[in-house]
There are 2 protein chains.
Amino acid sequence: MALKKKPVTGMKDVLPAEMQVREYVMEKIRETYKSFGFSQIETPCVEHIENLTSKQGGDNEKLIFKILKRGDKLDVAAAQSEEDVVDGGLRYDLTLPLSRYYAGHASELPAPFKALQMGSVWRADRPQKGRFRQFVQCDIDILGDATSLAEIELILATTTALGRICPGNSFAVRINDRGILKGMAAYCGFPEESYDQIFIILDKMDKIGMEGVKAELKEAGFADEQVEKYLGLFADFGAGSGGKEDEAARDGEAGDGAVSGETARGEAEKRGERASEKVRRLGALLSEAGAVDPQVPEGLAHIMDTVLEVAETSFKLVFDPTLVRGMSYYTGTIFEVAMEGFGGSVAGGGRYDKMIGRFTGMDTPACGFSIGFERIVTILLDAGFTVPGAGEKKAYLFEKGVSQEVLSQVLREASKEREAGVQVLVAQMNKNKKFQKEQLMKDGYGQFKEFYRDALKR
Amino acid sequence: MALKKKPVTGMKDVLPAEMQVREYVMEKIRETYKSFGFSQIETPCVEHIENLTSKQGGDNEKLIFKILKRGDKLDVAAAQSEEDVVDGGLRYDLTLPLSRYYAGHASELPAPFKALQMGSVWRADRPQKGRFRQFVQCDIDILGDATSLAEIELILATTTALGRICPGNSFAVRINDRGILKGMAAYCGFPEESYDQIFIILDKMDKIGMEGVKAELKEAGFADEQVEKYLGLFADFGAGSGGKEDEAARDGEAGDGAVSGETARGEAEKRGERASEKVRRLGALLSEAGAVDPQVPEGLAHIMDTVLEVAETSFKLVFDPTLVRGMSYYTGTIFEVAMEGFGGSVAGGGRYDKMIGRFTGMDTPACGFSIGFERIVTILLDAGFTVPGAGEKKAYLFEKGVSQEVLSQVLREASKEREAGVQVLVAQMNKNKKFQKEQLMKDGYGQFKEFYRDALKR
C-alpha cells in the first residue's frame, strides 16, 4: 500500500536548508547559556493526562493531543468519554514538565537550578500560515533564586544569545514589574478586583495608542478622573502616544528611559544620568502614596543599573510601565525583547514565584525567559539568511566506470579535506554534468573537482 | 492539585550529566556526516495512523502509541474499536517517516539524497532496565544511489563518527551480502522457501556456536548431508567454532579475513594479500556452481578493498558469511559494527533497494546505517565518561549584601571569561560555603573565586 505522502495536518517536514538554520540557532543558544552555567535538560514528550489537565495550562489544555490507553486498560466499546480511553498526552509547553522534573529531582540538582530546555511541544490549534501543531519551544529558567541576580543573569545571557544569533541586529529589552503595574492602578484609585480588566486594556497600548486605551477604560465604566490620572502617569513616565509612533517616542527618550548597552554606558555616565532614574522617580511617587512597597521600584532600578553596567552586547534597555505580559502567573519583574525587523517580540519572560509551588506543593522562587525559536527561524529564513562559518562545500565528481585506483584516490583526497573541516560530497558524474553542477550550486557547493577514467583528461 | 512527579511509565527525565553526553554524541555524529555531504532532516513525531499500520513495520506496529481524534471527529460513546477513535500515532522508527518524506519531497532534494536523522521514536514495549518507551534513533541513509559508492561512504563516515565519539576504542566492521547468504544456502541444496528459517538459525551462531547451529538445522528436518556441507563452508570461509571464542578466532584470522584500517593496510600489502581474498575465493566456488551472480561477491570485494585503501580511522574489516541481520528487507550488502567493551553491535545496516518503492510506489535504491545512539550513551555513562574539551568551569561566589559596584565587578569579570569560552557560574555564597563548594565540585566546577562586601577580605 502506498503511504500518505503529506505530513499530518499542521505539522511539517523540515527540509535540509531550514534544518541548518534550526541547528545554528540551537547551537548559539546552547553555547551561550552553557557559558552562563545553565544545564540543558530534557523531559519526555508524553506527560500524564492528569498533569496536563490540572487547570494550570489555561486554554492550552483544550489543545492537547491525547494518547490512547493500551492493552487490557483499553475498552473502546464500553467507553463513554475521553477520560475512559486516554492516559497520556503530548506536552503543550515546557513549563509544566519543568515543574514536574524539578519536583521529582530537586535533591539531585544544583541549587539554584539553572535550566535550558529546547524541545518540541504540540497544540491542536487551527492550522494557519507559519503556525504549526508541532513546534520547538526554548525555555530558560532559574529555579530557587529569589534574588535579582536571576533577572540580571537571564537578561545578560538572553541578550548575548540573541546578539550571537543575529550579529549586527539591534534590539531592545523592555522591562517592568507587576508590582509597579499594580501600584500605578492603586495610585489612581482603581479597585483591586478590576486590575486584570484594566491590564488587558492597557496591554493594547501598542495597537490602539493612548487615546484608544483611554476610550476603552471609560467605556468599561471606570471614572473619568481615575482614567485621566492613570493616563497622565503614562504620559509622564513611559510610553508615547501609541501606535507606530510609540517606538519612535520610546527611542527618543534615551535621556532617562533608554540607553543602549556598552556604548551608551559611557554617555549616560557623562550626563550623570542612569537608565533607572525614571523608575526611581515613579517609585518615589507611588511609595509616598503607599501604593507600592519601595523595595519594588528599587529592585527594578538595581536590575537595570547592573545590566547596563555589565552588558557586553549592545542593546536598548527601556523601562516600559505599559508592559503587561498576559500570563497572570507573573509575580514580579517582567521583560520582553524586540528585535529590529522581527515585528513583535522574539523573547519574553519574568518572575513567577508562585507557580512551581502550585504545581508541586514546594514553594520555589522562579524566573525565566522563553525565546521565540520558531519566530526567529522563520524570519531568518525569510531574510535569506545563510549560516555563517558553515565551512567550504566542495563536490568531487568522478566519471562512471573509473578504476578502483582512481576511486580510492578520489576518496582519499576527500578524506583529507573532510578532516580539515571542508564538507566534501563525492558523486558519480551525471550525463548532464551542467545540470548536476547547477543543482549542487543551489545546495551551496561552490567548488568542483572532476576525476576521469583517463587521468590525463582531468 | 499537586502533579504526579514521576515521568510516564517507561520514559525518562534526562538529568544534566546525561544530557551533556547525549549532546556530545549527537554533535560528533552531526559534524562527521555533514563533512561527508549528508543533510540533517526532521519529520514530525506524529504520523498518519494509516502509514504506521501499513504492515511494513512488523512487530513494531503492535507497540504504537496512538493519538485520539479531536473535535467533531471523535465520538467515544458511539465508538466500537480503536480505529473509530484514533487518527495518528507516534512514529516507531525513522525509516517509515523517511520514506514518506522522500516520496513527498524528492523533487526538492538532491539526487542521490544523503540524509541524517536523529530523533525520538516511541514503542510501548514492556518497560525494562535500560530500555525506554521513548528513545533516540540515529539513521543515516543514501537514497537514489545504486552504486557501491553508497556502501563505501556509509562505512567510511560511520567508522569516522564512531572513532571520534570514542577515540582510542578499537572496533570491527563485519560485512556480508544477502546474495552470498542465499548463494551458500543454494550451493548446499536447501530449498529457497526454507532460506528464512535457515537464516534465523544461522543468526544464532554467536550464541550457540557451530555445533549448536548444526544441531538446530538437523532438528528442523534438514538433510544431514546438506547441513554438513553448509557448516563445512563456514568452517572454510568464516566464523570460528562459535560462542565467545568466536571473537578470538575471528581476530586471529587477520591473514585474509580481517585487517585493520590504516595500519593494517601496509602489512596486507607486504604480504600481497587483500581483505577481500576470502570473498573472492568463496565467490568463485559459488558462482562456478551457479549459486550466485559473480557480480555479487565481486561487488562486496570491491567495497572492502576500497574502504581499506581509503580509511583514515583504524578498525577491523571482517567478511563474515554468518552475518544475517534480521530484517528481511535487506537486498544486498549488510554490515554491523561492534566496539570493544560495548558488548553487542553499536551500529548496523545494509542495502534495502525495494523498501522505499513498496512504501511509496517509486522504485528507489537505498542503503543505510543505524547507530545505536542510546546504547552508546548508556555505555559511555556507565564507564564514567567525561565529555572531552568541555572547557573550564569556574564558580564565582559573592557574599550576601555586596554593593552594586562589587556585583557589577563580579559580573563583568564573569562576562570576560565567558567570552573566552570559560563556563562561569555566578552565585551568592551560602552560609555553609564548604558544602556549597563540595556540591559545585560534584558538578564539575574546579575553580572558585570569592567576592566579599569588604574587598580587603578577599
# chains A, B, ... in the order shown; residues from 1 in each chain; ligands from 1

call {"tool": "residues_around", "arguments": {"residues": "Tyr329 in chain B", "least_positions_apart": "2", "cutoff": "8 Å", "atoms": "only C-alpha atoms", "output": "PDB file with all heavy atoms, in the first residue's frame"}}
result
ATOM      1  N   MET B 327      16.328  -8.158   9.667  1.00  0.00           N
ATOM      2  CA  MET B 327      15.331  -7.549   8.797  1.00  0.00           C
ATOM      3  C   MET B 327      15.357  -8.126   7.394  1.00  0.00           C
ATOM      4  O   MET B 327      16.358  -8.061   6.688  1.00  0.00           O
ATOM      5  CB  MET B 327      15.516  -6.034   8.745  1.00  0.00           C
ATOM      6  CG  MET B 327      14.734  -5.308   9.821  1.00  0.00           C
ATOM      7  SD  MET B 327      15.375  -5.664  11.505  1.00  0.00           S
ATOM      8  CE  MET B 327      16.853  -4.646  11.488  1.00  0.00           C
ATOM      9  N   THR B 331      18.459  -6.204   0.753  1.00  0.00           N
ATOM     10  CA  THR B 331      18.528  -6.826  -0.570  1.00  0.00           C
ATOM     11  C   THR B 331      19.962  -7.066  -1.035  1.00  0.00           C
ATOM     12  O   THR B 331      20.171  -7.735  -2.037  1.00  0.00           O
ATOM     13  CB  THR B 331      17.857  -5.917  -1.625  1.00  0.00           C
ATOM     14  OG1 THR B 331      18.485  -4.636  -1.582  1.00  0.00           O
ATOM     15  CG2 THR B 331      16.374  -5.769  -1.358  1.00  0.00           C
ATOM     16  N   TYR B 352      18.798  -1.731   1.043  1.00  0.00           N
ATOM     17  CA  TYR B 352      17.385  -2.150   1.003  1.00  0.00           C
ATOM     18  C   TYR B 352      16.716  -1.493  -0.197  1.00  0.00           C
ATOM     19  O   TYR B 352      15.980  -0.540  -0.072  1.00  0.00           O
ATOM     20  CB  TYR B 352      16.690  -1.813   2.326  1.00  0.00           C
ATOM     21  CG  TYR B 352      16.772  -0.378   2.767  1.00  0.00           C
ATOM     22  CD1 TYR B 352      15.696   0.493   2.599  1.00  0.00           C
ATOM     23  CD2 TYR B 352      17.915   0.129   3.368  1.00  0.00           C
ATOM     24  CE1 TYR B 352      15.759   1.825   2.994  1.00  0.00           C
ATOM     25  CE2 TYR B 352      17.991   1.452   3.767  1.00  0.00           C
ATOM     26  CZ  TYR B 352      16.912   2.287   3.577  1.00  0.00           C
ATOM     27  OH  TYR B 352      16.990   3.602   3.957  1.00  0.00           O
ATOM     28  N   LYS B 354      14.335  -2.327  -2.184  1.00  0.00           N
ATOM     29  CA  LYS B 354      12.921  -2.493  -2.528  1.00  0.00           C
ATOM     30  C   LYS B 354      11.983  -1.746  -1.584  1.00  0.00           C
ATOM     31  O   LYS B 354      10.831  -1.502  -1.912  1.00  0.00           O
ATOM     32  CB  LYS B 354      12.554  -3.993  -2.488  1.00  0.00           C
ATOM     33  CG  LYS B 354      13.344  -4.852  -3.458  1.00  0.00           C
ATOM     34  CD  LYS B 354      13.004  -4.498  -4.905  1.00  0.00           C
ATOM     35  CE  LYS B 354      13.978  -5.180  -5.870  1.00  0.00           C
ATOM     36  NZ  LYS B 354      14.011  -4.485  -7.166  1.00  0.00           N
ATOM     37  N   MET B 355      12.458  -1.390  -0.406  1.00  0.00           N
ATOM     38  CA  MET B 355      11.522  -0.910   0.621  1.00  0.00           C
ATOM     39  C   MET B 355      10.873   0.435   0.286  1.00  0.00           C
ATOM     40  O   MET B 355       9.657   0.583   0.395  1.00  0.00           O
ATOM     41  CB  MET B 355      12.182  -0.817   1.979  1.00  0.00           C
ATOM     42  CG  MET B 355      11.148  -0.526   3.059  1.00  0.00           C
ATOM     43  SD  MET B 355      11.796  -0.726   4.688  1.00  0.00           S
ATOM     44  CE  MET B 355      13.071   0.472   4.699  1.00  0.00           C
TER      45      MET B 355
END

call {"tool": "closest_atom_pairs", "arguments": {"of": "chain B", "to": "chain A", "cutoff": "7 Å", "atoms": "only C-alpha atoms", "output": "tab-separated table"}}
result
residue	atom	partner	partner_atom	distance
B:Met1	CA	A:Phe359	CA	6.6
B:Ala2	CA	A:Thr360	CA	5.0
B:Leu3	CA	A:Asn51	CA	5.6
B:Lys4	CA	A:Asn51	CA	6.6
B:Lys5	CA	A:Gly104	CA	5.1
B:Lys6	CA	A:Gly104	CA	6.3
B:Pro7	CA	A:Glu47	CA	6.8
B:Val8	CA	A:His48	CA	5.9
B:Met11	CA	A:Pro44	CA	6.2
B:Lys12	CA	A:Pro44	CA	6.1
B:Asp13	CA	A:Thr43	CA	4.6
B:Val14	CA	A:Glu42	CA	5.0
B:Leu15	CA	A:Ile41	CA	5.8
B:Pro16	CA	A:Ile41	CA	5.5
B:Met19	CA	A:Ile41	CA	6.0
B:Lys34	CA	A:Gln423	CA	6.5
B:Ser35	CA	A:Gln423	CA	4.1
B:Phe36	CA	A:Val424	CA	5.5
B:Gly37	CA	A:Leu425	CA	4.7
B:Ser39	CA	A:Pro16	CA	5.6
B:Gln40	CA	A:Pro16	CA	5.9
B:Ile41	CA	A:Pro16	CA	5.5
B:Glu42	CA	A:Val14	CA	5.0
B:Thr43	CA	A:Asp13	CA	4.6
B:Pro44	CA	A:Lys12	CA	6.1
B:Glu47	CA	A:Val8	CA	6.0
B:His48	CA	A:Val8	CA	5.9
B:Asn51	CA	A:Leu3	CA	5.6
B:Ser54	CA	A:Met1	CA	6.8
B:Phe65	CA	A:Ile67	CA	6.6
B:Lys66	CA	A:Leu68	CA	5.5
B:Ile67	CA	A:Ile67	CA	4.6
B:Leu68	CA	A:Lys66	CA	5.5
B:Val76	CA	A:Ser81	CA	5.5
B:Ala77	CA	A:Gln80	CA	4.3
B:Ala79	CA	A:Ala77	CA	6.0
B:Gln80	CA	A:Ala77	CA	4.3
B:Ser81	CA	A:Val76	CA	5.5
B:Glu82	CA	A:Val76	CA	6.4
B:Arg100	CA	A:Lys5	CA	5.2
B:Tyr101	CA	A:Asp13	CA	6.9
B:Ala103	CA	A:Lys5	CA	6.1
B:Gly104	CA	A:Lys5	CA	5.1
B:Thr306	CA	A:Ser408	CA	5.9
B:Glu309	CA	A:Ser408	CA	6.5
B:Val310	CA	A:Arg412	CA	5.3
B:Arg358	CA	A:Ala2	CA	6.9
B:Phe359	CA	A:Ala2	CA	5.2
B:Thr360	CA	A:Ala2	CA	5.0
B:Gly361	CA	A:Ala2	CA	6.0
B:Gln404	CA	A:Thr306	CA	7.0
B:Ser408	CA	A:Thr306	CA	5.9
B:Leu411	CA	A:Val310	CA	6.3
B:Arg412	CA	A:Val310	CA	5.3
B:Arg418	CA	A:Ser35	CA	5.5
B:Gly421	CA	A:Ser35	CA	6.9
B:Val422	CA	A:Ser35	CA	6.3
B:Gln423	CA	A:Ser35	CA	4.1
B:Val424	CA	A:Phe36	CA	5.5
B:Leu425	CA	A:Gly37	CA	4.7

call {"tool": "write_last_selection", "arguments": {"atoms": "C-alpha atoms", "output": "PDB file, in the first residue's frame"}}
result
ATOM      1  CA  MET B   1      -3.521  19.981  42.729  1.00  0.00           C
ATOM      2  CA  ALA B   2      -0.057  18.510  43.060  1.00  0.00           C
ATOM      3  CA  LEU B   3       1.409  16.895  39.977  1.00  0.00           C
ATOM      4  CA  LYS B   4       2.434  13.298  39.509  1.00  0.00           C
ATOM      5  CA  LYS B   5       6.177  13.680  39.941  1.00  0.00           C
ATOM      6  CA  LYS B   6       7.428  10.677  38.005  1.00  0.00           C
ATOM      7  CA  PRO B   7       7.578  10.676  34.226  1.00  0.00           C
ATOM      8  CA  VAL B   8       5.071   8.409  32.471  1.00  0.00           C
ATOM      9  CA  MET B  11      10.029   7.199  29.755  1.00  0.00           C
ATOM     10  CA  LYS B  12      12.708   9.219  31.471  1.00  0.00           C
ATOM     11  CA  ASP B  13      13.774  12.682  32.542  1.00  0.00           C
ATOM     12  CA  VAL B  14      17.279  13.426  31.326  1.00  0.00           C
ATOM     13  CA  LEU B  15      19.486  14.888  34.056  1.00  0.00           C
ATOM     14  CA  PRO B  16      22.201  17.438  33.203  1.00  0.00           C
ATOM     15  CA  MET B  19      22.311  15.421  28.667  1.00  0.00           C
ATOM     16  CA  LYS B  34      27.977  16.739   7.452  1.00  0.00           C
ATOM     17  CA  SER B  35      31.607  16.632   6.318  1.00  0.00           C
ATOM     18  CA  PHE B  36      30.611  13.702   4.094  1.00  0.00           C
ATOM     19  CA  GLY B  37      27.891  15.800   2.496  1.00  0.00           C
ATOM     20  CA  SER B  39      21.991  16.752   5.201  1.00  0.00           C
ATOM     21  CA  GLN B  40      20.201  16.585   8.514  1.00  0.00           C
ATOM     22  CA  ILE B  41      16.415  16.465   8.240  1.00  0.00           C
ATOM     23  CA  GLU B  42      13.453  16.111  10.571  1.00  0.00           C
ATOM     24  CA  THR B  43       9.937  14.760  10.321  1.00  0.00           C
ATOM     25  CA  PRO B  44       7.037  15.263  12.732  1.00  0.00           C
ATOM     26  CA  GLU B  47       2.400  10.120  11.712  1.00  0.00           C
ATOM     27  CA  HIS B  48      -0.844   9.159   9.993  1.00  0.00           C
ATOM     28  CA  ASN B  51       1.027   4.844   7.451  1.00  0.00           C
ATOM     29  CA  SER B  54       0.552  -0.427   6.758  1.00  0.00           C
ATOM     30  CA  PHE B  65       1.271   5.000  20.962  1.00  0.00           C
ATOM     31  CA  LYS B  66      -1.937   6.032  19.248  1.00  0.00           C
ATOM     32  CA  ILE B  67      -3.388   9.529  19.216  1.00  0.00           C
ATOM     33  CA  LEU B  68      -7.026  10.306  19.799  1.00  0.00           C
ATOM     34  CA  VAL B  76     -16.180   7.933  22.135  1.00  0.00           C
ATOM     35  CA  ALA B  77     -19.595   6.736  23.263  1.00  0.00           C
ATOM     36  CA  ALA B  79     -17.079   4.031  19.022  1.00  0.00           C
ATOM     37  CA  GLN B  80     -16.698   0.269  18.816  1.00  0.00           C
ATOM     38  CA  SER B  81     -12.974  -0.134  18.166  1.00  0.00           C
ATOM     39  CA  GLU B  82      -9.644   1.688  18.193  1.00  0.00           C
ATOM     40  CA  ARG B 100       7.141   9.348   3.346  1.00  0.00           C
ATOM     41  CA  TYR B 101       9.429  12.392   3.375  1.00  0.00           C
ATOM     42  CA  ALA B 103       8.051  10.420  -1.551  1.00  0.00           C
ATOM     43  CA  GLY B 104       6.732  13.894  -0.774  1.00  0.00           C
ATOM     44  CA  THR B 306      38.167   0.461  -1.393  1.00  0.00           C
ATOM     45  CA  GLU B 309      42.513   1.641   0.894  1.00  0.00           C
ATOM     46  CA  VAL B 310      40.846   4.865   1.969  1.00  0.00           C
ATOM     47  CA  ARG B 358       6.922  -0.621  -1.507  1.00  0.00           C
ATOM     48  CA  PHE B 359       6.138   2.328   0.736  1.00  0.00           C
ATOM     49  CA  THR B 360       5.912   4.973  -1.920  1.00  0.00           C
ATOM     50  CA  GLY B 361       5.358   3.362  -5.288  1.00  0.00           C
ATOM     51  CA  GLN B 404      26.048  47.189  43.381  1.00  0.00           C
ATOM     52  CA  SER B 408      28.876  44.602  38.709  1.00  0.00           C
ATOM     53  CA  LEU B 411      29.554  40.020  36.571  1.00  0.00           C
ATOM     54  CA  ARG B 412      31.977  41.923  34.346  1.00  0.00           C
ATOM     55  CA  ARG B 418      32.580  33.579  29.331  1.00  0.00           C
ATOM     56  CA  GLY B 421      34.993  30.141  26.450  1.00  0.00           C
ATOM     57  CA  VAL B 422      35.046  29.515  30.186  1.00  0.00           C
ATOM     58  CA  GLN B 423      31.819  28.332  31.788  1.00  0.00           C
ATOM     59  CA  VAL B 424      31.231  30.662  34.716  1.00  0.00           C
ATOM     60  CA  LEU B 425      28.585  30.206  37.362  1.00  0.00           C
TER      61      LEU B 425
END

call {"tool": "select_by_dssp", "arguments": {"residues": "range 133-203 of chain A", "states": "strand (DSSP E)", "output": "ChimeraX atom specification"}}
result
/A:134-143,171-177

call {"tool": "write_last_selection", "arguments": {"atoms": "N, CA and C atoms", "output": "compact mmCIF listing (two decimals), in the first residue's frame"}}
result
# COMPACT_ATOMS: atom_id res chain seq x y z
N GLN A 134 3.16 21.15 15.75
CA GLN A 134 4.36 20.72 16.48
C GLN A 134 5.36 21.84 16.29
N PHE A 135 5.87 22.39 17.38
CA PHE A 135 6.88 23.45 17.24
C PHE A 135 7.82 23.41 18.42
N VAL A 136 9.00 24.02 18.21
CA VAL A 136 10.03 23.97 19.24
C VAL A 136 9.89 25.16 20.18
N GLN A 137 9.89 24.88 21.46
CA GLN A 137 9.97 25.95 22.45
C GLN A 137 11.37 25.95 23.05
N CYS A 138 11.79 27.10 23.48
CA CYS A 138 13.11 27.23 24.07
C CYS A 138 12.94 28.02 25.36
N ASP A 139 13.03 27.34 26.48
CA ASP A 139 12.80 27.96 27.79
C ASP A 139 14.08 27.96 28.62
N ILE A 140 14.32 29.07 29.28
CA ILE A 140 15.48 29.18 30.14
C ILE A 140 14.98 29.66 31.50
N ASP A 141 15.23 28.88 32.53
CA ASP A 141 14.67 29.19 33.84
C ASP A 141 15.70 29.05 34.94
N ILE A 142 15.55 29.91 35.94
CA ILE A 142 16.36 29.77 37.16
C ILE A 142 15.40 29.48 38.30
N LEU A 143 15.53 28.30 38.89
CA LEU A 143 14.64 27.91 39.98
C LEU A 143 15.40 27.96 41.30
N PHE A 171 18.53 45.47 19.06
CA PHE A 171 17.30 45.08 19.75
C PHE A 171 17.13 45.81 21.07
N ALA A 172 15.89 45.74 21.56
CA ALA A 172 15.54 46.48 22.76
C ALA A 172 14.89 45.55 23.77
N VAL A 173 15.28 45.73 25.03
CA VAL A 173 14.66 44.99 26.12
C VAL A 173 13.74 45.95 26.85
N ARG A 174 12.46 45.62 26.91
CA ARG A 174 11.54 46.42 27.71
C ARG A 174 11.33 45.70 29.02
N ILE A 175 11.26 46.46 30.09
CA ILE A 175 11.18 45.84 31.41
C ILE A 175 10.17 46.57 32.28
N ASN A 176 9.53 45.84 33.14
CA ASN A 176 8.56 46.41 34.08
C ASN A 176 8.48 45.45 35.27
N ASP A 177 7.62 45.78 36.21
CA ASP A 177 7.41 44.89 37.35
C ASP A 177 5.92 44.85 37.63

call {"tool": "select_by_dssp", "arguments": {"residues": "range 168-215 of chain B", "states": "alpha helix (DSSP H)", "output": "PyMOL selection string"}}
result
chain B and resi 178-187+195-202+205-215

call {"tool": "write_last_selection", "arguments": {"atoms": "N, CA, C and O atoms", "output": "short mmCIF file (atom, residue, chain, number, x, y, z; two decimals), in the first residue's frame"}}
result
data_model
loop_
_atom_site.label_atom_id
_atom_site.label_comp_id
_atom_site.auth_asym_id
_atom_site.auth_seq_id
_atom_site.Cartn_x
_atom_site.Cartn_y
_atom_site.Cartn_z
N ARG B 178 23.47 -10.28 1.27
CA ARG B 178 22.34 -11.21 1.28
C ARG B 178 22.43 -12.18 0.11
O ARG B 178 21.98 -13.32 0.20
N GLY B 179 23.06 -11.76 -0.98
CA GLY B 179 23.23 -12.62 -2.15
C GLY B 179 24.15 -13.80 -1.85
O GLY B 179 23.92 -14.94 -2.29
N ILE B 180 25.22 -13.52 -1.09
CA ILE B 180 26.15 -14.59 -0.71
C ILE B 180 25.47 -15.52 0.29
O ILE B 180 25.60 -16.74 0.21
N LEU B 181 24.74 -14.93 1.21
CA LEU B 181 23.99 -15.71 2.20
C LEU B 181 23.08 -16.70 1.49
O LEU B 181 23.07 -17.91 1.81
N LYS B 182 22.35 -16.20 0.51
CA LYS B 182 21.45 -17.07 -0.24
C LYS B 182 22.23 -18.05 -1.11
O LYS B 182 21.87 -19.22 -1.23
N GLY B 183 23.32 -17.55 -1.70
CA GLY B 183 24.15 -18.40 -2.57
C GLY B 183 24.69 -19.60 -1.83
O GLY B 183 24.73 -20.72 -2.36
N MET B 184 25.12 -19.40 -0.58
CA MET B 184 25.66 -20.51 0.21
C MET B 184 24.58 -21.54 0.50
O MET B 184 24.84 -22.74 0.48
N ALA B 185 23.37 -21.04 0.76
CA ALA B 185 22.26 -21.97 1.02
C ALA B 185 21.91 -22.73 -0.27
O ALA B 185 21.67 -23.94 -0.23
N ALA B 186 21.92 -22.00 -1.39
CA ALA B 186 21.61 -22.64 -2.68
C ALA B 186 22.67 -23.69 -3.02
O ALA B 186 22.35 -24.81 -3.45
N TYR B 187 23.92 -23.32 -2.81
CA TYR B 187 25.06 -24.21 -3.10
C TYR B 187 24.93 -25.54 -2.37
O TYR B 187 25.32 -26.58 -2.88
N TYR B 195 14.92 -20.72 3.18
CA TYR B 195 16.05 -19.83 3.49
C TYR B 195 15.82 -19.03 4.78
O TYR B 195 16.69 -18.96 5.64
N ASP B 196 14.64 -18.44 4.88
CA ASP B 196 14.40 -17.60 6.06
C ASP B 196 14.58 -18.39 7.35
O ASP B 196 15.20 -17.92 8.31
N GLN B 197 14.03 -19.60 7.35
CA GLN B 197 14.14 -20.48 8.52
C GLN B 197 15.61 -20.79 8.81
O GLN B 197 16.06 -20.74 9.97
N ILE B 198 16.37 -21.07 7.76
CA ILE B 198 17.79 -21.39 7.92
C ILE B 198 18.56 -20.19 8.47
O ILE B 198 19.37 -20.32 9.40
N PHE B 199 18.25 -19.01 7.94
CA PHE B 199 18.99 -17.82 8.37
C PHE B 199 18.69 -17.47 9.83
O PHE B 199 19.55 -16.94 10.54
N ILE B 200 17.48 -17.73 10.25
CA ILE B 200 17.14 -17.46 11.66
C ILE B 200 18.02 -18.34 12.56
O ILE B 200 18.52 -17.88 13.59
N ILE B 201 18.22 -19.58 12.15
CA ILE B 201 19.08 -20.48 12.93
C ILE B 201 20.55 -20.04 12.83
O ILE B 201 21.26 -19.94 13.83
N LEU B 202 20.98 -19.73 11.61
CA LEU B 202 22.37 -19.29 11.39
C LEU B 202 22.71 -18.06 12.22
O LEU B 202 23.82 -17.91 12.74
N MET B 205 24.55 -18.23 15.54
CA MET B 205 25.95 -18.69 15.59
C MET B 205 26.71 -18.09 16.76
O MET B 205 27.41 -18.80 17.48
N ASP B 206 26.55 -16.76 16.95
CA ASP B 206 27.25 -16.07 18.04
C ASP B 206 26.95 -16.69 19.39
O ASP B 206 27.81 -16.75 20.26
N LYS B 207 25.69 -17.12 19.56
CA LYS B 207 25.27 -17.61 20.88
C LYS B 207 25.47 -19.10 21.04
O LYS B 207 25.92 -19.56 22.10
N ILE B 208 25.11 -19.89 20.03
CA ILE B 208 25.12 -21.34 20.23
C ILE B 208 26.28 -22.03 19.51
O ILE B 208 26.50 -23.23 19.67
N GLY B 209 27.02 -21.30 18.72
CA GLY B 209 28.20 -21.87 18.08
C GLY B 209 27.86 -22.79 16.92
O GLY B 209 26.70 -23.11 16.65
N MET B 210 28.92 -23.24 16.23
CA MET B 210 28.82 -24.10 15.06
C MET B 210 28.02 -25.36 15.36
O MET B 210 27.12 -25.74 14.59
N GLU B 211 28.35 -26.01 16.48
CA GLU B 211 27.67 -27.27 16.82
C GLU B 211 26.20 -27.04 17.09
O GLU B 211 25.36 -27.84 16.71
N GLY B 212 25.91 -25.96 17.74
CA GLY B 212 24.52 -25.62 18.04
C GLY B 212 23.72 -25.39 16.78
O GLY B 212 22.58 -25.88 16.64
N VAL B 213 24.30 -24.65 15.84
CA VAL B 213 23.61 -24.39 14.57
C VAL B 213 23.37 -25.70 13.84
O VAL B 213 22.27 -25.96 13.34
N LYS B 214 24.40 -26.54 13.83
CA LYS B 214 24.28 -27.84 13.15
C LYS B 214 23.11 -28.63 13.75
O LYS B 214 22.24 -29.14 13.03
N ALA B 215 23.08 -28.70 15.06
CA ALA B 215 22.03 -29.48 15.75
C ALA B 215 20.64 -28.92 15.43
O ALA B 215 19.71 -29.68 15.13
#

call {"tool": "closest_residue", "arguments": {"among": "B:Cys188, B:Leu217, B:Met441, B:Ala301", "to": "Gly232 in chain B", "atoms": "only C-alpha atoms"}}
result
B:Cys188

call {"tool": "residues_around", "arguments": {"residues": "range 338-349 of chain B", "least_positions_apart": "5", "cutoff": "9 Å", "atoms": "only C-alpha atoms", "output": "list in words"}}
result
Thr158, Leu162, Asn169, Ser170, Phe171, Ala172, Val173, Arg174, Arg325, Tyr330, Thr333, Cys367, Gly368, Phe369, Ser370, Ile371, Gly372, Phe373, Arg375, Ile376 and Ile379 of chain B

call {"tool": "closest_residue", "arguments": {"among": "A:Gly163, A:Glu192, A:Gly58, A:Gln295", "to": "Gly326 in chain A", "atoms": "only C-alpha atoms"}}
result
A:Gly58
